[in-house]
$ cat query.cif   # mmCIF, C-alpha atoms
data_start
#
loop_
_atom_site.label_atom_id
_atom_site.label_comp_id
_atom_site.auth_asym_id
_atom_site.auth_seq_id
_atom_site.Cartn_x
_atom_site.Cartn_y
_atom_site.Cartn_z
CA ASN A 1 170.54 25.02 22.15
CA MET A 2 170.74 27.73 24.84
CA GLY A 3 169.87 25.31 27.64
CA SER A 4 173.00 23.26 27.14
CA ALA A 5 175.15 26.33 27.87
CA LEU A 6 173.75 26.59 31.39
CA ALA A 7 175.53 24.73 34.17
CA ARG A 8 173.33 22.19 35.88
CA ALA A 9 173.56 21.39 39.57
CA PRO A 10 173.06 17.86 40.88
CA ASP A 11 169.48 17.18 41.96
CA GLY A 12 168.57 19.00 45.16
CA GLU A 13 171.50 21.43 45.02
CA LYS A 14 171.44 25.06 44.00
CA PRO A 15 173.55 26.00 40.97
CA GLU A 16 176.69 27.99 41.69
CA VAL A 17 176.34 31.72 41.12
CA ALA A 18 179.36 33.87 40.37
CA PRO A 19 179.98 36.59 42.95
CA GLU A 20 178.65 40.00 41.95
CA ALA A 21 181.33 42.14 40.34
CA GLY A 22 181.77 45.87 40.71
CA ALA A 23 180.89 48.41 43.37
CA ARG A 24 177.56 49.05 45.03
CA VAL A 25 175.80 52.26 44.05
CA VAL A 26 173.61 53.87 46.72
CA LEU A 27 171.39 56.92 46.41
CA HIS A 28 171.31 58.92 49.65
CA VAL A 29 168.29 61.17 50.16
CA TYR A 30 168.27 64.19 52.47
CA ASN A 31 165.75 66.76 53.62
CA VAL A 32 166.90 70.11 52.22
CA GLY A 33 168.49 72.10 55.02
CA THR A 34 168.45 71.04 58.63
CA SER A 35 165.28 72.63 59.97
CA ARG A 36 162.56 70.69 61.75
CA GLN A 37 159.98 72.50 59.58
CA THR A 38 161.46 71.09 56.34
CA ARG A 39 161.45 67.56 57.77
CA LEU A 40 157.80 68.00 58.79
CA ILE A 41 156.76 69.41 55.40
CA ASN A 42 158.59 66.59 53.59
CA SER A 43 156.93 63.94 55.76
CA VAL A 44 153.55 65.33 54.65
CA LEU A 45 154.48 65.82 50.96
CA ARG A 46 156.48 62.61 50.41
CA PRO A 47 153.41 60.32 50.07
CA PHE A 48 152.30 62.60 47.21
CA GLY A 49 155.62 62.15 45.39
CA THR A 50 157.07 65.57 46.17
CA GLY A 51 159.03 67.54 48.73
CA ALA A 52 162.25 69.49 49.19
CA PHE A 53 164.99 66.88 48.93
CA HIS A 54 168.72 66.79 48.25
CA CYS A 55 170.42 63.61 47.03
CA GLY A 56 173.87 62.20 46.40
CA VAL A 57 175.28 59.02 44.85
CA GLU A 58 177.69 56.85 46.82
CA VAL A 59 180.12 54.67 44.92
CA TYR A 60 183.54 53.39 46.03
CA GLY A 61 183.01 54.88 49.49
CA LYS A 62 182.50 58.49 48.37
CA GLU A 63 179.29 60.42 47.85
CA TRP A 64 178.92 62.71 44.83
CA SER A 65 176.35 65.44 44.26
CA TYR A 66 175.73 68.79 42.56
CA SER A 67 174.98 72.24 43.96
CA GLU A 68 175.05 75.92 43.10
CA ILE A 69 177.52 76.47 45.95
CA ILE A 70 181.26 76.37 45.28
CA ARG A 71 182.54 73.90 47.87
CA ALA A 72 186.25 73.53 47.13
CA PRO A 73 188.64 76.44 46.64
CA SER A 74 190.99 74.68 44.19
CA ALA A 75 191.31 76.19 40.71
CA ALA A 76 190.09 73.00 39.01
CA SER A 77 186.81 73.00 40.93
CA VAL A 78 185.85 76.68 40.80
CA LEU A 79 183.41 76.30 37.93
CA THR A 80 181.92 72.91 38.70
CA GLY A 81 178.97 72.30 40.97
CA ILE A 82 179.97 68.67 41.56
CA PHE A 83 181.25 67.99 45.04
CA GLU A 84 182.26 65.05 47.22
CA SER A 85 181.13 64.34 50.76
CA LYS A 86 181.26 61.51 53.24
CA PRO A 87 178.35 59.11 52.62
CA ARG A 88 175.17 60.13 54.48
CA ARG A 89 176.95 63.24 55.84
CA CYS A 90 176.25 66.00 53.29
CA LYS A 91 176.74 69.33 55.06
CA GLY A 92 173.71 71.60 55.22
CA HIS A 93 171.13 68.82 54.83
CA SER A 94 169.59 66.23 57.15
CA TYR A 95 169.93 62.58 56.11
CA CYS A 96 166.62 60.85 55.39
CA GLU A 97 167.14 57.45 53.69
CA SER A 98 169.27 55.37 51.31
CA LEU A 99 168.19 53.46 48.22
CA ASP A 100 170.33 50.63 46.83
CA MET A 101 170.63 51.25 43.10
CA GLY A 102 172.52 48.03 42.32
CA SER A 103 176.08 47.40 41.21
CA THR A 104 178.27 49.08 38.65
CA SER A 105 180.94 47.29 36.66
CA MET A 106 182.80 50.60 36.21
CA SER A 107 186.25 50.61 37.82
CA GLU A 108 187.26 53.33 40.26
CA THR A 109 189.74 54.65 37.68
CA ASP A 110 187.00 54.88 35.05
CA LEU A 111 184.73 56.60 37.59
CA ASP A 112 187.43 59.21 38.22
CA PHE A 113 187.64 59.82 34.46
CA LEU A 114 183.83 60.04 34.18
CA LEU A 115 183.67 62.55 37.04
CA SER A 116 186.37 64.69 35.39
CA MET A 117 184.19 64.82 32.25
CA LEU A 118 181.01 65.51 34.24
CA ARG A 119 182.68 68.40 36.09
CA ARG A 120 182.73 70.26 32.76
CA GLU A 121 179.03 69.53 32.12
CA TRP A 122 177.66 70.35 35.59
CA LEU A 123 178.71 73.94 36.21
CA VAL A 124 177.72 76.10 39.18
CA SER A 125 176.47 78.76 36.75
CA GLU A 126 174.00 76.31 35.16
CA TYR A 127 172.35 75.18 38.40
CA ASN A 128 168.58 75.61 38.35
CA PRO A 129 166.38 74.40 41.23
CA LEU A 130 163.77 73.03 38.80
CA ARG A 131 165.66 72.07 35.62
CA LYS A 132 169.25 71.22 36.58
CA ASN A 133 169.70 70.27 40.23
CA CYS A 134 171.19 67.54 42.43
CA CYS A 135 168.45 65.05 41.48
CA HIS A 136 169.15 65.56 37.77
CA PHE A 137 172.87 65.08 38.39
CA CYS A 138 172.33 61.91 40.45
CA ASN A 139 170.05 60.52 37.75
CA ASP A 140 172.68 61.22 35.06
CA LEU A 141 175.47 59.67 37.16
CA CYS A 142 173.41 56.55 37.98
CA GLN A 143 172.55 56.04 34.30
CA ARG A 144 176.21 56.39 33.30
CA LEU A 145 177.15 53.90 36.04
CA GLY A 146 174.73 51.46 34.43
CA VAL A 147 172.30 51.15 37.35
CA GLY A 148 169.33 52.92 35.77
CA SER A 149 167.37 56.00 36.75
CA ILE A 150 166.72 57.23 40.25
CA PRO A 151 163.09 57.14 41.46
CA ARG A 152 160.84 60.02 40.39
CA TRP A 153 159.45 62.02 43.27
#
$ encode --input "query.cif" --output "structure tokens"
Amino acid sequence: NMGSALARAPDGEKPEVAPEAGARVVLHVYNVGTSRQTRLINSVLRPFGTGAFHCGVEVYGKEWSYSEIIRAPSAASVLTGIFESKPRRCKGHSYCESLDMGSTSMSETDLDFLLSMLRREWLVSEYNPLRKNCCHFCNDLCQRLGVGSIPRW
């Protein structure tokens, strides 16, 4: 009997709920670039499910994204398009909004390992604005973090 496995609270009291484990995962959305024109165009196109947007995934206090621009000069990062930025502060884009994607049970150590694997899959040379871009990367990362897909625009 499944019901007997559930804890019951005394009448009139709410049952105890275990605190949520893991780290919050937040999708940060930006207007591409910093121009007023892009923000205006996006404000018109957004209700139709489109626009020129950049996005990044924040987890454990760092934001991760993908670009065709080499951001870090270290030898290990020359080929990858994955880069880290401060949450809601991605250089070259203007912050728009954040979407709470839920919680991941992945540890920070496991995230570091996952990112080291992803760096080999998300190369600068493979960036394509329509087929392999920051939104595709964020969707892949969110799925691997166990929080589902990002919204479709």
$ resolve_selection --input "query.cif" --expression "the PyMOL selection byres ((chain A and resi 122-128) around 7)" --output "PyMOL selection string"
chain A and resi 67-69+79-82+118-121+129-133
$ write_last_selection --input "query.cif" --atoms "C-alpha atoms" --output "PDB file, in the frame of the given file"
ATOM      1  CA  SER A  67     174.980  72.240  43.960  1.00  0.00           C
ATOM      2  CA  GLU A  68     175.050  75.920  43.100  1.00  0.00           C
ATOM      3  CA  ILE A  69     177.520  76.470  45.950  1.00  0.00           C
ATOM      4  CA  LEU A  79     183.410  76.300  37.930  1.00  0.00           C
ATOM      5  CA  THR A  80     181.920  72.910  38.700  1.00  0.00           C
ATOM      6  CA  GLY A  81     178.970  72.300  40.970  1.00  0.00           C
ATOM      7  CA  ILE A  82     179.970  68.670  41.560  1.00  0.00           C
ATOM      8  CA  LEU A 118     181.010  65.510  34.240  1.00  0.00           C
ATOM      9  CA  ARG A 119     182.680  68.400  36.090  1.00  0.00           C
ATOM     10  CA  ARG A 120     182.730  70.260  32.760  1.00  0.00           C
ATOM     11  CA  GLU A 121     179.030  69.530  32.120  1.00  0.00           C
ATOM     12  CA  PRO A 129     166.380  74.400  41.230  1.00  0.00           C
ATOM     13  CA  LEU A 130     163.770  73.030  38.800  1.00  0.00           C
ATOM     14  CA  ARG A 131     165.660  72.070  35.620  1.00  0.00           C
ATOM     15  CA  LYS A 132     169.250  71.220  36.580  1.00  0.00           C
ATOM     16  CA  ASN A 133     169.700  70.270  40.230  1.00  0.00           C
TER      17      ASN A 133
END
$ closest_residue --input "query.cif" --among "A:Leu45, A:Cys96, A:Cys138, A:Val57" --to "Asn31 in chain A" --atoms "all atoms listed in the file"
A:Cys96
$ resolve_selection --input "query.cif" --expression "the PyMOL selection byres ((chain A and resi 142) around 10)" --output "CSV table (one decimal) with C-alpha atoms, keeping the file's coordinate frame"
chain,number,residue,atom,x,y,z
A,25,VAL,CA,175.8,52.3,44.0
A,26,VAL,CA,173.6,53.9,46.7
A,27,LEU,CA,171.4,56.9,46.4
A,57,VAL,CA,175.3,59.0,44.8
A,58,GLU,CA,177.7,56.8,46.8
A,59,VAL,CA,180.1,54.7,44.9
A,101,MET,CA,170.6,51.2,43.1
A,102,GLY,CA,172.5,48.0,42.3
A,104,THR,CA,178.3,49.1,38.6
A,136,HIS,CA,169.2,65.6,37.8
A,137,PHE,CA,172.9,65.1,38.4
A,138,CYS,CA,172.3,61.9,40.4
A,139,ASN,CA,170.0,60.5,37.8
A,140,ASP,CA,172.7,61.2,35.1
A,141,LEU,CA,175.5,59.7,37.2
A,143,GLN,CA,172.6,56.0,34.3
A,144,ARG,CA,176.2,56.4,33.3
A,145,LEU,CA,177.2,53.9,36.0
A,146,GLY,CA,174.7,51.5,34.4
A,147,VAL,CA,172.3,51.2,37.4
A,148,GLY,CA,169.3,52.9,35.8
A,149,SER,CA,167.4,56.0,36.8
A,150,ILE,CA,166.7,57.2,40.2
$ closest_residue --input "query.cif" --among "A:Asp100, A:Asn42, A:His28, A:Met106" --to "Ser65 in chain A" --atoms "all atoms listed in the file"
A:His28
$ axis_aligned_box --input "query.cif" --around "range 50-57 of chain A" --padding-each-side "4 Å" --output "AutoDock Vina command-line options"
--center_x 166.2 --center_y 64.3 --center_z 47.0 --size_x 26.2 --size_y 18.5 --size_z 12.3
$ resolve_selection --input "query.cif" --expression "the PyMOL selection byres ((chain A and resi 22) around 6)" --output "PyMOL selection string"
chain A and resi 21+23+103-105
